[in-house]
Each structure stands twice: as structure tokens, then as C-alpha cells.
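Listing of target_19.txt; format and content: compact mmCIF, C-alpha atoms.
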# COMPACT_ATOMS: atom_id res chain seq x y z
CA MET J 14 68.53 123.02 113.76
CA GLY J 15 64.80 122.68 114.09
CA PHE J 16 63.04 120.54 111.54
CA THR J 17 59.60 119.23 111.02
CA ASN J 18 57.93 117.07 108.47
CA LEU J 19 54.27 117.91 108.63
CA PHE J 20 53.37 114.96 106.49
CA LEU J 21 56.03 112.42 105.99
CA ASN J 22 55.72 110.42 102.85
CA ASN J 23 54.69 106.84 103.51
CA ASN J 24 57.18 105.94 100.87
CA PRO J 25 60.40 107.68 101.87
CA LYS J 26 62.37 109.15 99.04
CA GLY J 27 65.01 106.76 97.85
CA ALA J 28 63.12 103.71 99.02
CA VAL J 29 62.13 102.93 95.44
CA PRO J 30 64.99 102.93 92.94
CA LEU J 31 64.29 105.29 90.06
CA ALA J 32 65.15 102.55 87.61
CA LEU J 33 62.03 100.66 88.65
CA GLY J 34 59.92 103.26 86.92
CA ILE J 35 56.25 103.85 87.46
CA ALA J 36 55.24 100.22 87.10
CA GLY J 37 57.43 99.36 90.04
CA LEU J 38 56.15 102.04 92.40
CA SER J 39 54.24 100.82 95.36
CA ALA J 40 52.30 102.74 97.95
CA GLY J 41 54.84 102.73 100.72
CA GLY J 42 55.21 99.02 100.99
CA GLU J 43 51.49 98.48 100.83
CA GLY J 44 51.99 95.90 98.12
CA GLU J 45 49.78 97.76 95.69
CA GLU J 46 51.52 98.92 92.55
CA LEU J 47 50.57 102.49 91.80
CA GLY J 48 50.79 102.09 88.02
CA ALA J 49 48.37 99.18 87.90
CA LEU J 50 46.07 100.75 90.48
CA SER J 51 46.08 104.05 88.59
CA GLU J 52 45.04 102.32 85.40
CA GLU J 53 42.40 100.21 87.10
CA LEU J 54 40.79 103.05 89.07
CA GLY J 55 41.25 105.79 86.47
CA GLU J 56 43.13 108.16 88.77
CA SER J 57 46.57 109.70 88.28
CA ILE J 58 49.63 108.18 89.86
CA ASN J 59 50.39 111.45 91.64
CA ALA J 60 46.90 111.46 93.16
CA LEU J 61 47.40 107.88 94.34
CA LYS J 62 50.74 108.74 95.81
CA HIS J 63 49.27 111.72 97.66
CA ILE J 64 46.32 109.70 98.95
CA ALA J 65 48.73 106.99 100.13
CA LYS J 66 50.08 109.63 102.54
CA HIS J 67 46.65 109.84 104.16
CA LEU J 68 46.38 106.05 104.60
CA ARG J 69 47.56 106.21 108.19
CA GLU J 70 44.69 108.58 109.05
CA PHE J 71 42.25 105.97 107.75
CA ARG J 72 44.09 103.21 109.58
CA GLU J 73 43.33 104.87 112.89
CA PHE J 74 39.80 103.62 112.21
CA GLU J 75 40.52 100.46 110.19
CA PRO J 76 44.07 99.11 110.53
CA THR J 77 43.84 96.87 107.48
CA ILE J 78 42.26 99.28 105.01
CA SER J 79 44.07 99.32 101.66
CA LEU J 80 44.93 102.17 99.32
CA ARG J 81 42.49 100.75 96.80
CA GLU J 82 39.66 100.88 99.36
CA VAL J 83 40.54 104.45 100.35
CA ILE J 84 40.53 105.60 96.73
CA GLN J 85 37.19 103.91 96.17
CA LEU J 86 35.84 105.70 99.24
CA GLY J 87 37.10 108.97 97.81
CA GLN J 88 35.43 108.29 94.48
CA ASP J 89 32.18 107.53 96.28
CA VAL J 90 32.36 110.73 98.35
CA ALA J 91 33.02 112.77 95.20
CA LYS J 92 30.11 111.13 93.43
CA THR J 93 27.47 110.97 96.17
CA GLY J 94 28.63 113.39 98.87
CA ILE J 95 27.54 116.95 99.57
CA GLN J 96 29.44 119.55 97.58
CA THR J 97 31.10 121.97 100.01
CA GLY J 98 33.23 123.98 97.58
CA PRO J 99 34.14 124.25 93.91
CA ARG J 100 36.15 121.00 94.07
CA THR J 101 35.31 119.58 97.49
CA PHE J 102 32.76 117.04 98.70
CA GLU J 103 31.96 115.59 102.11
CA LYS J 104 30.15 112.50 103.28
CA SER J 105 29.96 110.35 106.41
CA VAL J 106 30.88 106.76 105.69
CA SER J 107 31.56 103.68 107.76
CA VAL J 108 35.27 102.97 108.28
CA GLY J 109 36.15 100.15 110.63
CA GLY J 110 32.63 100.19 112.00
CA GLU J 111 32.76 103.89 112.84
CA SER J 112 30.97 106.70 111.08
CA VAL J 113 33.69 108.95 109.73
CA ARG J 114 33.25 112.25 107.90
CA LEU J 115 35.44 112.24 104.78
CA LYS J 116 36.49 115.09 102.54
CA ALA J 117 37.23 114.35 98.88
CA VAL J 118 38.92 116.88 96.61
CA LEU J 119 38.90 116.79 92.81
CA ASN J 120 41.37 118.33 90.39
CA TYR J 121 40.35 120.80 87.69
CA ALA J 122 39.65 117.94 85.31
CA GLY J 123 37.19 116.37 87.73
CA ARG J 124 39.41 113.48 88.87
CA LEU J 125 40.24 112.62 92.47
CA ARG J 126 43.11 114.54 94.05
CA SER J 127 42.75 113.81 97.74
CA VAL J 128 40.60 112.18 100.38
CA TYR J 129 41.04 112.22 104.15
CA PRO J 130 39.01 111.98 107.36
CA LEU J 131 37.87 115.25 108.91
CA LYS J 132 38.64 115.58 112.59
CA MET P 13 68.01 133.98 104.08
CA PHE P 14 64.37 133.00 103.84
CA LYS P 15 63.53 130.61 101.01
CA ILE P 16 60.57 128.64 99.75
CA ASN P 17 61.54 125.52 97.83
CA CYS P 18 59.28 123.51 95.53
CA LEU P 19 60.50 120.00 94.88
CA PHE P 20 58.59 117.91 92.37
CA GLU P 21 58.13 114.20 92.92
CA LYS P 22 61.01 112.56 91.14
CA GLU P 23 59.57 109.07 90.95
CA THR P 24 56.30 109.86 89.22
CA GLY P 25 57.31 112.88 87.16
CA THR P 26 55.74 116.29 86.76
CA ASP P 27 52.02 116.40 86.10
CA ALA P 28 50.57 119.87 85.51
CA MET P 29 47.08 118.76 86.52
CA ASN P 30 48.35 117.12 89.74
CA PRO P 31 51.73 118.73 90.48
CA LEU P 32 52.86 116.70 93.46
CA GLY P 33 55.94 117.24 95.57
CA ASP P 34 57.27 118.94 98.68
CA ILE P 35 57.06 122.57 99.69
CA GLU P 36 59.66 123.76 102.17
CA PHE P 37 60.05 127.03 104.04
CA THR P 38 63.49 127.64 105.44
CA ASP P 39 65.25 130.55 107.12
CA GLY P 40 68.67 128.96 107.47
CA ARG P 41 67.96 127.76 111.01
CA SER P 42 64.72 125.82 110.72
CA THR P 43 62.55 124.25 108.06
CA VAL P 44 58.82 123.80 107.88
CA ALA P 45 57.81 121.38 105.16
CA VAL P 46 54.75 119.72 103.73
CA ARG P 47 55.63 116.50 101.93
CA THR P 48 53.92 114.75 99.03
CA THR P 49 51.51 117.59 98.57
CA TYR P 50 50.01 119.70 95.78
CA ILE P 51 52.44 122.50 95.07
CA ASP P 52 50.05 124.49 92.87
CA SER P 53 47.45 124.70 95.64
CA TRP P 54 50.00 125.84 98.24
CA LEU P 55 51.48 128.51 95.98
CA ASP P 56 48.02 129.77 95.08
CA ALA P 57 47.06 129.92 98.78
CA LEU P 58 50.33 131.65 99.71
CA ILE P 59 49.82 134.26 97.00
CA LYS P 60 46.40 135.06 98.48
CA SER P 61 48.03 135.30 101.92
CA VAL P 62 50.50 137.90 100.64
CA TYR P 63 47.66 140.26 99.85
CA ARG P 64 46.22 139.74 103.33
CA ILE P 65 49.56 140.32 105.04
CA ARG P 66 49.83 143.62 103.19
CA GLN P 67 46.54 144.60 104.79
CA GLY P 68 47.97 143.85 108.23
CA GLU P 69 46.20 140.54 108.70
CA ASN P 70 47.69 137.33 110.11
CA PRO P 71 46.29 134.77 107.67
CA GLU P 72 45.86 131.06 108.16
CA VAL P 73 46.99 129.30 105.00
CA ALA P 74 45.31 126.05 104.04
CA ILE P 75 44.55 124.07 100.91
CA PRO P 76 41.56 121.78 100.38
CA GLU P 77 43.75 118.72 99.75
CA GLU P 78 45.34 118.73 103.24
CA PRO P 79 44.05 118.93 106.82
CA VAL P 80 47.05 121.06 107.85
CA ILE P 81 47.06 124.81 108.47
CA LEU P 82 50.07 127.10 108.29
CA TYR P 83 49.78 130.13 110.56
CA MET P 84 51.35 133.31 109.26
CA LYS P 85 52.06 136.27 111.47
CA LEU P 86 53.38 139.74 110.83
CA ASP P 87 55.37 140.70 113.92
CA GLU P 88 56.03 144.14 115.38
CA SER P 89 59.43 144.43 113.74
CA GLY P 90 57.92 143.68 110.33
CA GLY P 91 59.02 140.04 110.10
CA VAL P 92 56.75 137.35 108.72
CA THR P 93 56.60 134.06 110.61
CA VAL P 94 55.27 130.83 109.15
CA ARG P 95 54.33 128.45 111.94
CA GLU P 96 53.01 124.93 112.26
CA GLY P 97 52.83 123.36 115.69
CA ASN P 98 56.07 124.04 117.57
CA TYR P 99 58.04 124.85 114.45
CA ALA P 100 58.43 128.20 112.78
CA VAL P 101 60.51 130.00 110.20
CA ARG P 102 60.82 133.75 109.77
CA ALA P 103 61.32 136.09 106.84
CA LYS P 104 62.89 139.41 107.83
CA ASP P 105 60.00 141.36 106.27
CA SER P 106 57.03 140.97 103.98
CA LEU P 107 59.07 141.87 100.90
CA ALA P 108 61.53 139.07 101.66
CA PHE P 109 58.60 136.68 101.97
CA GLU P 110 57.13 137.89 98.69
CA GLU P 111 60.45 137.63 96.91
CA ALA P 112 60.93 134.06 98.16
CA LEU P 113 57.42 133.21 97.02
CA ARG P 114 58.04 134.75 93.60
CA VAL P 115 61.24 132.72 93.18
CA ALA P 116 59.37 129.56 94.22
CA CYS P 117 56.64 130.36 91.69
CA GLY P 118 59.24 130.76 88.95
CA SER P 119 60.85 127.47 89.84
CA PHE P 120 57.47 125.75 89.86
CA LEU P 121 56.45 127.26 86.51
CA GLU P 122 59.66 126.05 84.87
CA GLY P 123 58.51 122.53 85.63
CA VAL P 124 54.95 122.73 84.36
CA THR P 125 54.41 125.44 81.75
CA GLU P 126 55.51 123.32 78.81
CA GLN P 127 52.78 120.82 79.58
CA GLU P 128 49.52 121.07 77.68
CA GLU P 129 47.48 120.44 80.83
CA ALA P 130 48.90 123.57 82.47
CA ALA P 131 46.46 125.65 80.43
CA HIS P 132 43.56 123.83 82.09
CA ASN P 133 44.78 124.38 85.65
CA PRO P 134 43.50 127.77 86.95
CA ALA P 135 45.93 127.72 89.89
CA ILE P 136 48.82 127.77 87.44
CA ARG P 137 47.36 130.84 85.76
CA GLU P 138 47.22 132.60 89.17
CA ILE P 139 50.80 131.59 89.94
CA LYS P 140 51.96 132.83 86.54
CA ALA P 141 50.21 136.18 87.02
CA PHE P 142 51.83 136.71 90.44
CA TRP P 143 55.25 135.65 89.20
CA ALA P 144 55.11 137.98 86.19
CA MET P 145 54.09 141.03 88.20
CA PRO P 146 56.83 143.23 89.71
CA ALA P 147 56.73 143.19 93.53
CA GLU P 148 55.71 146.83 93.86
CA ARG P 149 52.72 146.35 91.56
CA SER P 150 51.41 142.95 92.61
CA GLY P 151 49.05 144.20 95.28

If you convert what's in this file into C-alpha cells, what do you get?
Amino acid sequence: MGFTNLFLNNNPKGAVPLALGIAGLSAGGEGEELGALSEELGESINALKHIAKHLREFREFEPTISLREVIQLGQDVAKTGIQTGPRTFEKSVSVGGESVRLKAVLNYAGRLRSVYPLK
Amino acid sequence: MFKINCLFEKETGTDAMNPLGDIEFTDGRSTVAVRTTYIDSWLDALIKSVYRIRQGENPEVAIPEEPVILYMKLDESGGVTVREGNYAVRAKDSLAFEEALRVACGSFLEGVTEQEEAAHNPAIREIKAFWAMPAERSG
């Protein structure tokens, strides 16, 4: 049977016991609790969890970049980048010493939904 | 039988403004899946692709939140293939694809419509409109 995961979750299902609840969720072993990070950065836990999936794309440029730093980059792109669509913004930023074009996407309430490097 | 499954994130719960989870396309032999993604955006994009398939086009389906593209193709025997990279699944015809999409929309709506934020998410309104329309009239 053929099978593909286009985007595997950094945090495989079952890796975090449900009983831990939101406060215990971490971004795929990144050591950053999603609940605390969500509260601190003002973004939803689901957005953080989605963006955590794109961490590895950022780590191709900067192996030690954290989820917090990626979210802050996304917030900056959404705030100061060029608007390319109703909810999308783009900006070139320095990641690991390289200039990387990022795309940030907002939800319908104007909060961050996604950010990833454009190839 | 071709199916589209929407699976909400269990750990973080359903959020109508950011409905996160997996979307899977399966034909009983293979599965194409996008994990930890925005289900509302995919369903909205797939609904738009249905209208294009009806016009004989082979649409590329993408959402702003992901760098991935799903390639859809209407083949000579009327089947609809959803392909990404070397993997593909096939619905026997466009009606089977539409029916699978409508079922997926219904399943998705069950999870979000009770939430107040659903009213502020335009993608959910589009999904609801498609789901509520009989197949023969949704074009």
C-alpha cells in the first residue's frame, strides 16, 4: 500500500499523553511549551503547532533557531512585509546569515496562522 | 472507495478560527495526506477545484498556509486523480470526488459550527454553502 506524509508532524501523535493537557504540550521536543508560548506571544496554540511543523524548513538555514524566534519572524513579516494577498505578507529577512524570503499568513481575525520560507 | 478524511488535532482541541488537523485522501490502496494543516483552507480550495474540474480543467490545489501543491487531473475515463510527488489516489469519477468532499465538509462542520468564532471565518461559510447544496445544483 502506498503512503505518503506530505508534512509529518514534528510532534508525532501519541508522543504527548492527552492527560498532560495544553500546558504540557511542547513543540516536538523543542523544549518550548506551547501553552506558555501562546500566551506570551499572543498567538493560538493551533497556530504555534502548525508553525512548529515548518521549523525544519527554517533549520535548513539556521540549525538552532527556536519556535519562538520563528513566530517572532512571522509577526514581523506580517507587520512590516509587503502584502501579497488578502491574508498574506512577504519579506526577505536574515536567517542564519542568509537572506531568506518568508511568507506569513494571518487568520481572519488578523492573528498569525503560518510562516515559512519561500523556495 | 474514494474518501477524504478530516481529522482534528486531538491534543489542542477544535478552534474554528484555526481549525488544525490532518486531511487525508484515500482510495483504498493509497493515501495522500497533509498533516498538521488548516482543514478549512484545504476544503475551501478543494471546493473551488470542483468547479474547475467540471469545466474540464486540471487544477492545482494550494492553500496560502502551506508550500505544497496537490495536482488534480481528470483522466480520459472520467476518473479524478489527486497527486503529490510520486503518490496518487483516484476517484472513479468527478461525482465520487464531489461526494467524498461533501462528506468531508459535513464531518468538518460538525466539529466547528457550534463555536462562536465559526461565524467570523469566511471559509467555513463557503464550506457550509457547498455542503448544503445538492450535488446536481452546486455548480

- Message: Report as a count of residues only all protein, DNA and RNA residues lying within 7 Å of region 66-77 of chain P, evaluated on only C-alpha atoms, omitting residues in the same chain fewer than 6 positions from it.
- Response: 10

- Item | Point-to-point distance in Å for CA of Gly87 (chain J) and CA of Leu68 (chain J) | 11.9 Å

- Query: Using only C-alpha atoms, which residues sit within 8 Å of Ile64 (chain J) once same-chain residues fewer than 2 positions away are excluded, as JSON, numbers by chain?
  - Reply: {"J": [60, 61, 62, 66, 67, 68, 80, 83, 84, 126, 127, 128, 129]}

At a cut-off of 6 Å, can you tabulate as JSON lines every residue of chain P near chain J together with its closest atom pair and the distance in Å to one decimal, using only C-alpha atoms and ordering rows by chain then number?
{"residue": "P:Arg41", "atom": "CA", "partner": "J:Met14", "partner_atom": "CA", "distance": 5.5}
{"residue": "P:Ser42", "atom": "CA", "partner": "J:Gly15", "partner_atom": "CA", "distance": 4.6}
{"residue": "P:Thr43", "atom": "CA", "partner": "J:Phe16", "partner_atom": "CA", "distance": 5.1}
{"residue": "P:Val44", "atom": "CA", "partner": "J:Thr17", "partner_atom": "CA", "distance": 5.6}
{"residue": "P:Ala45", "atom": "CA", "partner": "J:Asn18", "partner_atom": "CA", "distance": 5.4}
{"residue": "P:Val46", "atom": "CA", "partner": "J:Leu19", "partner_atom": "CA", "distance": 5.2}
{"residue": "P:Arg47", "atom": "CA", "partner": "J:Phe20", "partner_atom": "CA", "distance": 5.3}
{"residue": "P:Thr48", "atom": "CA", "partner": "J:His63", "partner_atom": "CA", "distance": 5.7}
{"residue": "P:Glu77", "atom": "CA", "partner": "J:Ser127", "partner_atom": "CA", "distance": 5.4}

Need the shell around Val106 (chain J): protein/DNA/RNA residues with any atom at most 9 Å away, counting only C-alpha atoms. Skip same-chain ones fewer than 2 positions apart. Format as an mmCIF file with C-alpha atoms, keeping the file's coordinate frame?
data_model
loop_
_atom_site.group_PDB
_atom_site.id
_atom_site.type_symbol
_atom_site.label_atom_id
_atom_site.label_comp_id
_atom_site.auth_asym_id
_atom_site.auth_seq_id
_atom_site.Cartn_x
_atom_site.Cartn_y
_atom_site.Cartn_z
ATOM 1 C CA LEU J 86 35.840 105.700 99.240
ATOM 2 C CA VAL J 90 32.360 110.730 98.350
ATOM 3 C CA LYS J 104 30.150 112.500 103.280
ATOM 4 C CA VAL J 108 35.270 102.970 108.280
ATOM 5 C CA GLU J 111 32.760 103.890 112.840
ATOM 6 C CA SER J 112 30.970 106.700 111.080
ATOM 7 C CA VAL J 113 33.690 108.950 109.730
ATOM 8 C CA ARG J 114 33.250 112.250 107.900
ATOM 9 C CA LEU J 115 35.440 112.240 104.780
#

- For Gly118 (chain P), list every protein, DNA or RNA residue within 12 Å, evaluated using all atoms listed in the file, and leave out those in the same chain fewer than 6 positions away; present the list as number ranges by chain. P: 16-18, 52, 55, 111-112, 124-125, 136, 139-145

Can you sort out the box for region 65-74 of chain J, edges along x, y and z, all listed atoms in, 3 Å on every side, with centre and edge lengths in Å to one decimal, as JSON?
{"center_x": 44.9, "center_y": 106.5, "center_z": 106.5, "size_x": 16.3, "size_y": 12.6, "size_z": 18.8}

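Between CA of Asn30 (chain P) and CA of Glu56 (chain J) the separation is 10.4 Å.
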
- Can you tell me, as a list of chain:residue names, which residues sit within 12 Å of (61.6, 141.1, 104.7) in the file's frame, using only C-alpha atoms?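 Output of the proximity query reads P:Met13, P:Phe14, P:Lys15, P:Asp39, P:Leu86, P:Asp87, P:Ser89, P:Gly90, P:Gly91, P:Val92, P:Thr93, P:Arg102, P:Ala103, P:Lys104, P:Asp105, P:Ser106, P:Leu107, P:Ala108, P:Phe109, P:Glu110, P:Glu111, P:Ala112, P:Leu113.
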
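Our summary of the geometry notes that CA of Glu122 (chain P) is positioned 19.2 Å from CA of Phe37 (chain P).
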
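Each of P:Glu21, P:Glu138, P:Glu126, P:Glu36 was compared to Val94 (chain P) using only C-alpha atoms, and P:Glu36 turns out to be the nearest.
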
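For the residues J:Arg81, J:Lys92, J:Thr97, J:Ser107, ranking by smallest atom-to-atom distance to Leu50 (chain J) using only C-alpha atoms places J:Arg81 first.
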